[in-house]
>>> print(open('structure-v5.cif').read())   # mmCIF, C-alpha atoms
data_data
#
loop_
_atom_site.label_atom_id
_atom_site.label_comp_id
_atom_site.auth_asym_id
_atom_site.auth_seq_id
_atom_site.Cartn_x
_atom_site.Cartn_y
_atom_site.Cartn_z
CA ASP A 1 -48.99 1.30 17.58
CA ALA A 2 -50.52 -1.76 19.23
CA LYS A 3 -50.63 -2.00 23.00
CA THR A 4 -48.64 -4.70 24.78
CA THR A 5 -49.27 -6.45 28.07
CA GLN A 6 -46.45 -7.94 30.15
CA PRO A 7 -46.36 -9.39 33.66
CA PRO A 8 -44.86 -6.81 36.03
CA SER A 9 -42.27 -9.19 37.45
CA MET A 10 -40.76 -12.66 37.10
CA ASP A 11 -38.09 -14.69 38.80
CA CYS A 12 -35.69 -17.13 37.18
CA ALA A 13 -32.99 -19.39 38.57
CA GLU A 14 -29.48 -18.75 37.35
CA GLY A 15 -28.55 -21.09 34.51
CA ARG A 16 -32.14 -21.84 33.63
CA ALA A 17 -34.07 -20.49 30.67
CA ALA A 18 -36.03 -17.31 31.24
CA ASN A 19 -39.26 -17.12 29.26
CA LEU A 20 -40.79 -13.67 29.18
CA PRO A 21 -44.30 -13.44 27.70
CA CYS A 22 -45.90 -10.52 25.92
CA ASN A 23 -49.45 -10.13 24.73
CA HIS A 24 -50.14 -7.92 21.71
CA SER A 25 -53.57 -9.07 20.62
CA THR A 26 -54.30 -5.94 18.57
CA ILE A 27 -51.14 -6.17 16.47
CA SER A 28 -51.59 -5.46 12.79
CA GLY A 29 -49.84 -6.93 9.79
CA ASN A 30 -47.22 -4.20 9.41
CA GLU A 31 -46.13 -4.07 13.04
CA TYR A 32 -42.89 -5.52 14.32
CA VAL A 33 -42.30 -6.86 17.82
CA TYR A 34 -39.19 -5.46 19.50
CA TRP A 35 -37.57 -6.43 22.79
CA TYR A 36 -35.31 -4.12 24.74
CA ARG A 37 -33.98 -4.34 28.26
CA GLN A 38 -32.79 -1.82 30.81
CA ILE A 39 -30.27 -2.84 33.42
CA HIS A 40 -30.62 -0.65 36.50
CA SER A 41 -30.76 2.94 35.16
CA GLN A 42 -28.65 2.38 32.08
CA GLY A 43 -29.88 3.16 28.59
CA PRO A 44 -32.28 0.67 27.00
CA GLN A 45 -30.43 -2.08 25.19
CA TYR A 46 -31.75 -3.72 22.03
CA ILE A 47 -32.21 -7.48 22.24
CA ILE A 48 -34.13 -8.76 19.23
CA HIS A 49 -37.05 -8.06 16.93
CA GLY A 50 -39.33 -9.98 14.58
CA LEU A 51 -42.33 -9.73 12.31
CA LYS A 52 -43.84 -13.20 12.12
CA ASN A 53 -41.05 -15.75 12.03
CA ASN A 54 -39.18 -16.90 15.09
CA GLU A 55 -35.82 -15.20 15.46
CA THR A 56 -32.61 -16.05 17.28
CA ASN A 57 -29.44 -14.12 17.90
CA GLU A 58 -26.53 -14.33 20.31
CA MET A 59 -28.57 -12.84 23.12
CA ALA A 60 -31.99 -14.46 22.89
CA SER A 61 -34.72 -16.15 20.90
CA LEU A 62 -38.05 -14.63 19.99
CA ILE A 63 -41.03 -16.90 19.51
CA ILE A 64 -44.07 -15.29 17.86
CA THR A 65 -47.34 -17.22 17.78
CA GLU A 66 -48.86 -17.99 14.41
CA ASP A 67 -51.66 -15.48 14.92
CA ARG A 68 -49.04 -12.93 16.08
CA LYS A 69 -51.12 -12.00 19.10
CA SER A 70 -48.42 -12.92 21.55
CA SER A 71 -44.72 -13.57 21.76
CA THR A 72 -42.13 -14.97 24.15
CA LEU A 73 -38.59 -13.80 24.66
CA ILE A 74 -36.29 -16.63 25.70
CA LEU A 75 -32.97 -16.13 27.43
CA PRO A 76 -31.60 -19.66 27.18
CA HIS A 77 -29.24 -19.65 30.14
CA ALA A 78 -30.00 -16.72 32.41
CA THR A 79 -27.17 -15.21 34.44
CA LEU A 80 -27.26 -12.72 37.29
CA ARG A 81 -26.30 -10.02 34.78
CA ASP A 82 -29.59 -10.61 32.96
CA THR A 83 -31.48 -9.10 35.90
CA ALA A 84 -33.21 -6.13 34.26
CA VAL A 85 -36.49 -4.64 33.10
CA TYR A 86 -37.52 -6.19 29.78
CA TYR A 87 -39.70 -4.23 27.39
CA CYS A 88 -41.86 -5.69 24.65
CA ILE A 89 -42.69 -2.99 22.09
CA VAL A 90 -44.87 -3.20 19.02
CA ARG A 91 -44.16 -0.64 16.36
CA VAL A 92 -45.64 0.06 12.97
CA VAL A 93 -43.12 0.72 10.25
CA GLY A 94 -43.93 2.93 7.32
CA SER A 95 -43.28 6.19 5.58
CA SER A 96 -45.25 8.25 8.07
CA ASN A 97 -43.48 6.86 11.09
CA THR A 98 -40.67 8.73 12.77
CA GLY A 99 -39.14 5.50 14.03
CA LYS A 100 -39.69 6.23 17.70
CA LEU A 101 -40.31 3.48 20.24
CA ILE A 102 -42.93 3.78 22.95
CA PHE A 103 -42.00 2.01 26.18
CA GLY A 104 -44.46 0.48 28.61
CA GLN A 105 -43.77 -0.63 32.16
CA GLY A 106 -42.05 -3.85 31.11
CA THR A 107 -41.29 -6.99 33.10
CA THR A 108 -38.74 -6.87 35.89
CA LEU A 109 -36.77 -10.11 35.65
CA GLN A 110 -34.90 -11.12 38.76
CA VAL A 111 -32.34 -13.86 38.19
CA LYS A 112 -31.56 -15.62 41.45
CA PRO A 113 -28.50 -17.71 42.36
CA GLU B 1 -19.31 -1.78 18.48
CA PRO B 2 -20.47 1.79 17.69
CA GLU B 3 -21.89 3.69 20.63
CA VAL B 4 -24.05 6.70 21.34
CA THR B 5 -22.10 8.90 23.74
CA GLN B 6 -23.75 11.26 26.20
CA THR B 7 -22.28 14.00 28.36
CA PRO B 8 -22.37 14.87 31.16
CA SER B 9 -23.15 11.64 32.95
CA HIS B 10 -24.53 13.61 35.88
CA GLN B 11 -25.40 17.28 36.22
CA VAL B 12 -26.68 19.08 39.26
CA THR B 13 -28.28 22.47 38.71
CA GLN B 14 -30.36 25.04 40.52
CA MET B 15 -33.98 25.54 39.61
CA GLY B 16 -34.36 28.17 36.91
CA GLN B 17 -30.95 27.55 35.36
CA GLU B 18 -30.39 26.53 31.75
CA VAL B 19 -29.02 23.08 31.07
CA ILE B 20 -27.59 21.61 27.88
CA LEU B 21 -27.25 17.85 27.53
CA ARG B 22 -25.04 16.60 24.75
CA CYS B 23 -25.08 13.49 22.63
CA VAL B 24 -22.81 12.16 19.91
CA PRO B 25 -24.89 9.74 17.83
CA ILE B 26 -23.43 6.90 15.80
CA SER B 27 -21.72 8.43 12.79
CA ASN B 28 -23.84 7.11 9.91
CA HIS B 29 -27.15 7.53 11.72
CA LEU B 30 -29.67 10.06 10.45
CA TYR B 31 -32.51 9.95 12.98
CA PHE B 32 -32.07 11.17 16.52
CA TYR B 33 -34.21 11.02 19.64
CA TRP B 34 -34.37 12.19 23.21
CA TYR B 35 -36.15 10.26 25.93
CA ARG B 36 -36.41 10.85 29.65
CA GLN B 37 -37.02 8.61 32.63
CA ILE B 38 -38.11 10.02 35.96
CA LEU B 39 -36.90 7.85 38.83
CA GLY B 40 -39.10 4.78 39.19
CA GLN B 41 -41.15 5.57 36.09
CA LYS B 42 -41.12 4.39 32.50
CA VAL B 43 -38.98 5.65 29.66
CA GLU B 44 -40.86 8.49 27.91
CA PHE B 45 -40.39 9.78 24.38
CA LEU B 46 -39.60 13.49 24.13
CA VAL B 47 -38.64 14.32 20.56
CA SER B 48 -37.40 12.94 17.26
CA PHE B 49 -35.14 14.87 14.88
CA TYR B 50 -34.31 14.35 11.24
CA ASN B 51 -32.80 16.49 8.52
CA ASN B 52 -32.13 19.31 10.97
CA GLU B 53 -35.67 19.64 12.15
CA ILE B 54 -38.03 18.17 14.69
CA SER B 55 -40.10 15.41 13.10
CA GLU B 56 -42.22 14.63 16.13
CA LYS B 57 -42.51 15.75 19.73
CA SER B 58 -44.50 14.63 22.72
CA GLU B 59 -46.66 16.71 25.05
CA ILE B 60 -43.77 16.77 27.50
CA PHE B 61 -41.59 18.64 25.01
CA ASP B 62 -42.90 22.14 25.65
CA ASP B 63 -41.38 25.55 24.98
CA GLN B 64 -38.80 25.04 27.72
CA PHE B 65 -37.13 22.34 25.64
CA SER B 66 -35.21 22.70 22.41
CA VAL B 67 -32.94 20.49 20.34
CA GLU B 68 -30.34 21.17 17.73
CA ARG B 69 -27.50 19.60 15.84
CA PRO B 70 -25.09 22.51 15.70
CA ASP B 71 -22.07 20.95 14.04
CA GLY B 72 -23.14 17.77 12.27
CA SER B 73 -21.95 15.51 15.05
CA ASN B 74 -23.37 16.67 18.38
CA PHE B 75 -27.08 16.50 19.11
CA THR B 76 -28.12 18.62 22.07
CA LEU B 77 -31.12 18.96 24.33
CA LYS B 78 -31.53 22.33 26.03
CA ILE B 79 -33.80 23.02 28.95
CA ARG B 80 -34.16 26.79 29.28
CA SER B 81 -35.33 27.21 32.84
CA THR B 82 -35.17 24.00 34.80
CA LYS B 83 -37.89 22.95 37.23
CA LEU B 84 -37.70 20.43 40.03
CA GLU B 85 -39.79 18.02 37.96
CA ASP B 86 -37.16 18.02 35.21
CA SER B 87 -35.00 15.85 37.44
CA ALA B 88 -34.63 12.62 35.49
CA MET B 89 -32.37 10.46 33.36
CA TYR B 90 -32.22 11.72 29.81
CA PHE B 91 -31.39 9.25 27.06
CA CYS B 92 -30.31 10.03 23.53
CA ALA B 93 -30.87 7.47 20.77
CA SER B 94 -30.10 7.25 17.08
CA THR B 95 -30.83 5.03 14.12
CA THR B 96 -30.09 4.82 10.40
CA THR B 97 -33.64 5.06 9.14
CA SER B 98 -37.22 5.35 10.34
CA PHE B 99 -38.37 2.81 7.76
CA GLY B 100 -38.37 -0.93 8.00
CA ALA B 101 -37.32 -2.76 11.12
CA ASN B 102 -34.84 -0.17 12.32
CA VAL B 103 -33.05 -0.53 15.64
CA LEU B 104 -32.61 2.43 17.96
CA THR B 105 -29.29 2.54 19.80
CA PHE B 106 -29.41 4.34 23.14
CA GLY B 107 -26.72 6.13 25.06
CA ALA B 108 -25.95 5.50 28.72
CA GLY B 109 -27.88 8.57 29.77
CA SER B 110 -27.36 11.87 31.55
CA ARG B 111 -28.74 12.18 35.05
CA LEU B 112 -30.12 15.65 35.73
CA THR B 113 -30.75 16.70 39.30
CA VAL B 114 -32.55 20.01 39.82
CA LEU B 115 -32.32 21.50 43.30
#
>>> encode(input="structure-v5.cif", output="structure tokens")
Amino acid sequence: DAKTTQPPSMDCAEGRAANLPCNHSTISGNEYVYWYRQIHSQGPQYIIHGLKNNETNEMASLIITEDRKSSTLILPHATLRDTAVYYCIVRVVGSSNTGKLIFGQGTTLQVKP
Amino acid sequence: EPEVTQTPSHQVTQMGQEVILRCVPISNHLYFYWYRQILGQKVEFLVSFYNNEISEKSEIFDDQFSVERPDGSNFTLKIRSTKLEDSAMYFCASTTTSFGANVLTFGAGSRLTVL
């Protein structure tokens, strides 16, 4: 699975959009980009995933560059409850894959009042 | 919304004791996982389980660890003889398939403290 690079920490003002970048320059054509978050010591929570098109759901938007070498997770109106560690994970999907996710260090997002 | 349920939420044990952590995955899920997170460190993959057998395990998952699905609903992680360094949060996860863009759903975790 391709390696990802994320900034270790970011701040965001409450009510503003939080834009979390992820670099995955070695991504290959059959690898998806997943975003999870972990609030305090709770279990990781799924946010969104995508292959090459931009995606949006009730939690966030995922913008993937045309060359797929980087992506941005957007929380449109961050609240204090969005303070968490955000993980960008690239995972190959295929018959030989057990479906596991490999977590990096992630980005600690601090939403401030 | 369906949940992965883990028990106990917190267990304190003496070094050398056996510990069993339990998980009830989402009912139609077929693939199961255990992860651990030592305080202040990243979430680490331990083992994946499918069709009543281990499909993959990490270097962490040595002979002290075992998993089983004894009754078709529970998925357990056993640590035979706990060490101080086994103190961590243990997370269970499940998903419907390993193919395609599957989504792993995680439980809230079991905190293990080894004294």
>>> residues_around(input="structure-v5.cif", residues="stretch 18-33 of chain A", least_positions_apart="6", cutoff="6 Å", atoms="all atoms listed in the file", output="VMD selection string")
chain A and resid 2 4 to 6 12 49 to 51 69 to 75 89 to 92
>>> residues_around(input="structure-v5.cif", residues="A:Pro44", least_positions_apart="3", cutoff="9 Å", atoms="only C-alpha atoms", output="PDB file with C-alpha atoms, in the coordinates of the input")
ATOM      1  CA  TYR A  36     -35.310  -4.120  24.740  1.00  0.00           C
ATOM      2  CA  ARG A  37     -33.980  -4.340  28.260  1.00  0.00           C
ATOM      3  CA  GLN A  38     -32.790  -1.820  30.810  1.00  0.00           C
ATOM      4  CA  ILE A  39     -30.270  -2.840  33.420  1.00  0.00           C
ATOM      5  CA  SER A  41     -30.760   2.940  35.160  1.00  0.00           C
ATOM      6  CA  TYR A  87     -39.700  -4.230  27.390  1.00  0.00           C
TER       7      TYR A  87
ATOM      8  CA  VAL B  43     -38.980   5.650  29.660  1.00  0.00           C
ATOM      9  CA  PHE B  91     -31.390   9.250  27.060  1.00  0.00           C
ATOM     10  CA  THR B 105     -29.290   2.540  19.800  1.00  0.00           C
ATOM     11  CA  PHE B 106     -29.410   4.340  23.140  1.00  0.00           C
ATOM     12  CA  GLY B 107     -26.720   6.130  25.060  1.00  0.00           C
ATOM     13  CA  ALA B 108     -25.950   5.500  28.720  1.00  0.00           C
TER      14      ALA B 108
END
>>> interface_residues(input="structure-v5.cif", of="chain B", to="chain A", cutoff="8 Å", atoms="all atoms listed in the file", output="ChimeraX atom specification")
/B:33,41-45,48,55-56,89,91,97-109
>>> resolve_selection(input="structure-v5.cif", expression="the PyMOL selection byres ((chain B and resi 113) around 12)", output="list in words")
Pro8, Ser9, His10, Gln11, Val12, Thr13, Gln14, Met15, Gln17, Val19, Ile38, Leu39, Thr82, Lys83, Leu84, Glu85, Asp86, Ser87, Ala88, Met89, Tyr90, Ser110, Arg111, Leu112, Val114 and Leu115 of chain B
>>> write_last_selection(input="structure-v5.cif", atoms="C-alpha atoms", output="PDB file, in the coordinates of the input")
ATOM      1  CA  PRO B   8     -22.370  14.870  31.160  1.00  0.00           C
ATOM      2  CA  SER B   9     -23.150  11.640  32.950  1.00  0.00           C
ATOM      3  CA  HIS B  10     -24.530  13.610  35.880  1.00  0.00           C
ATOM      4  CA  GLN B  11     -25.400  17.280  36.220  1.00  0.00           C
ATOM      5  CA  VAL B  12     -26.680  19.080  39.260  1.00  0.00           C
ATOM      6  CA  THR B  13     -28.280  22.470  38.710  1.00  0.00           C
ATOM      7  CA  GLN B  14     -30.360  25.040  40.520  1.00  0.00           C
ATOM      8  CA  MET B  15     -33.980  25.540  39.610  1.00  0.00           C
ATOM      9  CA  GLN B  17     -30.950  27.550  35.360  1.00  0.00           C
ATOM     10  CA  VAL B  19     -29.020  23.080  31.070  1.00  0.00           C
ATOM     11  CA  ILE B  38     -38.110  10.020  35.960  1.00  0.00           C
ATOM     12  CA  LEU B  39     -36.900   7.850  38.830  1.00  0.00           C
ATOM     13  CA  THR B  82     -35.170  24.000  34.800  1.00  0.00           C
ATOM     14  CA  LYS B  83     -37.890  22.950  37.230  1.00  0.00           C
ATOM     15  CA  LEU B  84     -37.700  20.430  40.030  1.00  0.00           C
ATOM     16  CA  GLU B  85     -39.790  18.020  37.960  1.00  0.00           C
ATOM     17  CA  ASP B  86     -37.160  18.020  35.210  1.00  0.00           C
ATOM     18  CA  SER B  87     -35.000  15.850  37.440  1.00  0.00           C
ATOM     19  CA  ALA B  88     -34.630  12.620  35.490  1.00  0.00           C
ATOM     20  CA  MET B  89     -32.370  10.460  33.360  1.00  0.00           C
ATOM     21  CA  TYR B  90     -32.220  11.720  29.810  1.00  0.00           C
ATOM     22  CA  SER B 110     -27.360  11.870  31.550  1.00  0.00           C
ATOM     23  CA  ARG B 111     -28.740  12.180  35.050  1.00  0.00           C
ATOM     24  CA  LEU B 112     -30.120  15.650  35.730  1.00  0.00           C
ATOM     25  CA  VAL B 114     -32.550  20.010  39.820  1.00  0.00           C
ATOM     26  CA  LEU B 115     -32.320  21.500  43.300  1.00  0.00           C
TER      27      LEU B 115
END
>>> closest_residue(input="structure-v5.cif", among="A:Gln110, A:Asp67, A:Ser61, A:Asp11", to="A:Asp82", atoms="only C-alpha atoms")
A:Gln110
>>> atom_distance(input="structure-v5.cif", atom1="atom CA of B:Ile60", atom2="atom CA of B:Pro25")
22.3 Å
>>> closest_residue(input="structure-v5.cif", among="A:Arg68, A:His77, A:Lys3, A:Lys112", to="A:Asn54", atoms="only C-alpha atoms")
A:Arg68
>>> residues_around(input="structure-v5.cif", residues="B:Glu53", least_positions_apart="5", cutoff="10 Å", atoms="only C-alpha atoms", output="JSON, numbers by chain")
{"B": [48, 67, 68, 69]}
>>> atom_distance(input="structure-v5.cif", atom1="atom CA of B:Thr95", atom2="atom CA of B:Asp71")
18.2 Å
>>> resolve_selection(input="structure-v5.cif", expression="the PyMOL selection byres ((chain B and resi 51) around 10)", output="tab-separated table (two decimals) with C-alpha atoms, keeping the file's coordinate frame")
chain	number	residue	atom	x	y	z
B	30	LEU	CA	-29.67	10.06	10.45
B	31	TYR	CA	-32.51	9.95	12.98
B	32	PHE	CA	-32.07	11.17	16.52
B	49	PHE	CA	-35.14	14.87	14.88
B	50	TYR	CA	-34.31	14.35	11.24
B	52	ASN	CA	-32.13	19.31	10.97
B	53	GLU	CA	-35.67	19.64	12.15
B	54	ILE	CA	-38.03	18.17	14.69
B	55	SER	CA	-40.10	15.41	13.10
B	69	ARG	CA	-27.50	19.60	15.84
>>> residues_around(input="structure-v5.cif", residues="A:Leu80", least_positions_apart="5", cutoff="9 Å", atoms="all atoms listed in the file", output="list of chain:residue names")
A:Ala13, A:Glu14, A:Gly15, A:Gln110, A:Val111, A:Lys112, A:Pro113
>>> closest_residue(input="structure-v5.cif", among="B:Val47, B:Ala93, B:Cys23, B:Ile79", to="B:Phe65", atoms="all atoms listed in the file")
B:Ile79
>>> atom_distance(input="structure-v5.cif", atom1="atom CA of B:Asn28", atom2="atom CA of B:Glu3")
11.4 Å
>>> closest_residue(input="structure-v5.cif", among="A:Ala84, A:His40, A:Ala78, A:Pro7", to="A:Ala60", atoms="only C-alpha atoms")
A:Ala78
>>> build_atoms(input="structure-v5.cif", residues="stretch 29-40 of chain A", atoms="all heavy atoms", output="CSV table (one decimal), in the frame of the given file")
chain,number,residue,atom,x,y,z
A,29,GLY,N,-50.8,-6.2,10.7
A,29,GLY,CA,-49.8,-6.9,9.8
A,29,GLY,C,-48.5,-6.2,9.6
A,29,GLY,O,-47.5,-6.9,9.2
A,30,ASN,N,-48.5,-4.9,9.7
A,30,ASN,CA,-47.2,-4.2,9.4
A,30,ASN,C,-46.5,-3.8,10.7
A,30,ASN,O,-45.7,-2.8,10.7
A,30,ASN,CB,-47.5,-3.0,8.5
A,30,ASN,CG,-48.4,-2.0,9.2
A,30,ASN,OD1,-49.1,-2.3,10.2
A,30,ASN,ND2,-48.4,-0.8,8.7
A,31,GLU,N,-46.8,-4.4,11.8
A,31,GLU,CA,-46.1,-4.1,13.0
A,31,GLU,C,-45.1,-5.1,13.5
A,31,GLU,O,-45.4,-6.3,13.5
A,31,GLU,CB,-47.2,-3.9,14.1
A,31,GLU,CG,-48.0,-2.6,13.9
A,31,GLU,CD,-49.0,-2.4,15.1
A,31,GLU,OE1,-49.8,-3.3,15.4
A,31,GLU,OE2,-49.0,-1.3,15.6
A,32,TYR,N,-43.9,-4.7,13.8
A,32,TYR,CA,-42.9,-5.5,14.3
A,32,TYR,C,-43.0,-5.6,15.8
A,32,TYR,O,-43.4,-4.7,16.5
A,32,TYR,CB,-41.5,-5.0,13.9
A,32,TYR,CG,-41.1,-5.3,12.5
A,32,TYR,CD1,-41.6,-4.5,11.5
A,32,TYR,CD2,-40.2,-6.3,12.3
A,32,TYR,CE1,-41.2,-4.8,10.2
A,32,TYR,CE2,-39.7,-6.5,11.0
A,32,TYR,CZ,-40.3,-5.8,9.9
A,32,TYR,OH,-39.9,-6.0,8.6
A,33,VAL,N,-42.5,-6.7,16.4
A,33,VAL,CA,-42.3,-6.9,17.8
A,33,VAL,C,-40.8,-6.7,18.2
A,33,VAL,O,-40.0,-7.3,17.6
A,33,VAL,CB,-42.7,-8.3,18.3
A,33,VAL,CG1,-42.5,-8.4,19.8
A,33,VAL,CG2,-44.2,-8.5,17.9
A,34,TYR,N,-40.5,-5.7,19.1
A,34,TYR,CA,-39.2,-5.5,19.5
A,34,TYR,C,-39.1,-5.8,21.0
A,34,TYR,O,-40.0,-5.6,21.8
A,34,TYR,CB,-38.9,-4.0,19.4
A,34,TYR,CG,-38.7,-3.5,18.0
A,34,TYR,CD1,-39.7,-3.2,17.1
A,34,TYR,CD2,-37.4,-3.2,17.5
A,34,TYR,CE1,-39.5,-2.7,15.9
A,34,TYR,CE2,-37.2,-2.7,16.2
A,34,TYR,CZ,-38.3,-2.5,15.4
A,34,TYR,OH,-38.1,-2.0,14.1
A,35,TRP,N,-37.9,-6.3,21.4
A,35,TRP,CA,-37.6,-6.4,22.8
A,35,TRP,C,-36.3,-5.6,23.1
A,35,TRP,O,-35.3,-5.7,22.4
A,35,TRP,CB,-37.4,-7.9,23.1
A,35,TRP,CG,-38.6,-8.7,23.2
A,35,TRP,CD1,-39.3,-9.3,22.2
A,35,TRP,CD2,-39.4,-9.0,24.4
A,35,TRP,NE1,-40.5,-9.9,22.7
A,35,TRP,CE2,-40.5,-9.7,24.0
A,35,TRP,CE3,-39.2,-8.7,25.8
A,35,TRP,CZ2,-41.4,-10.2,25.0
A,35,TRP,CZ3,-40.1,-9.2,26.7
A,35,TRP,CH2,-41.2,-9.9,26.3
A,36,TYR,N,-36.4,-4.9,24.2
A,36,TYR,CA,-35.3,-4.1,24.7
A,36,TYR,C,-35.2,-4.5,26.2
A,36,TYR,O,-36.2,-5.0,26.8
A,36,TYR,CB,-35.5,-2.6,24.6
A,36,TYR,CG,-35.1,-2.0,23.3
A,36,TYR,CD1,-35.9,-2.2,22.1
A,36,TYR,CD2,-34.0,-1.2,23.1
A,36,TYR,CE1,-35.6,-1.7,20.9
A,36,TYR,CE2,-33.6,-0.7,21.9
A,36,TYR,CZ,-34.4,-0.9,20.8
A,36,TYR,OH,-34.0,-0.4,19.6
A,37,ARG,N,-34.1,-4.2,26.8
A,37,ARG,CA,-34.0,-4.3,28.3
A,37,ARG,C,-33.2,-3.1,28.8
A,37,ARG,O,-32.5,-2.5,28.1
A,37,ARG,CB,-33.3,-5.6,28.7
A,37,ARG,CG,-31.8,-5.7,28.4
A,37,ARG,CD,-31.3,-7.1,28.9
A,37,ARG,NE,-29.8,-7.2,28.7
A,37,ARG,CZ,-29.1,-8.3,28.9
A,37,ARG,NH1,-29.8,-9.4,29.4
A,37,ARG,NH2,-27.8,-8.3,28.8
A,38,GLN,N,-33.4,-2.9,30.1
A,38,GLN,CA,-32.8,-1.8,30.8
A,38,GLN,C,-32.3,-2.4,32.1
A,38,GLN,O,-33.0,-2.8,33.0
A,38,GLN,CB,-33.8,-0.7,31.1
A,38,GLN,CG,-33.1,0.6,31.6
A,38,GLN,CD,-34.1,1.7,31.8
A,38,GLN,OE1,-35.3,1.5,31.9
A,38,GLN,NE2,-33.5,2.9,31.7
A,39,ILE,N,-30.9,-2.4,32.2
A,39,ILE,CA,-30.3,-2.8,33.4
A,39,ILE,C,-30.1,-1.7,34.3
A,39,ILE,O,-29.4,-0.7,34.0
A,39,ILE,CB,-28.9,-3.5,33.1
A,39,ILE,CG1,-29.2,-4.7,32.2
A,39,ILE,CG2,-28.2,-3.9,34.3
A,39,ILE,CD1,-27.9,-5.4,31.6
A,40,HIS,N,-30.6,-1.7,35.5
A,40,HIS,CA,-30.6,-0.6,36.5
A,40,HIS,C,-31.1,0.6,35.8
A,40,HIS,O,-32.2,0.6,35.2
A,40,HIS,CB,-29.2,-0.5,37.1
A,40,HIS,CG,-29.2,0.3,38.4
A,40,HIS,ND1,-30.2,0.1,39.3
A,40,HIS,CD2,-28.4,1.3,38.8
A,40,HIS,CE1,-29.9,1.0,40.3
A,40,HIS,NE2,-28.9,1.7,40.0
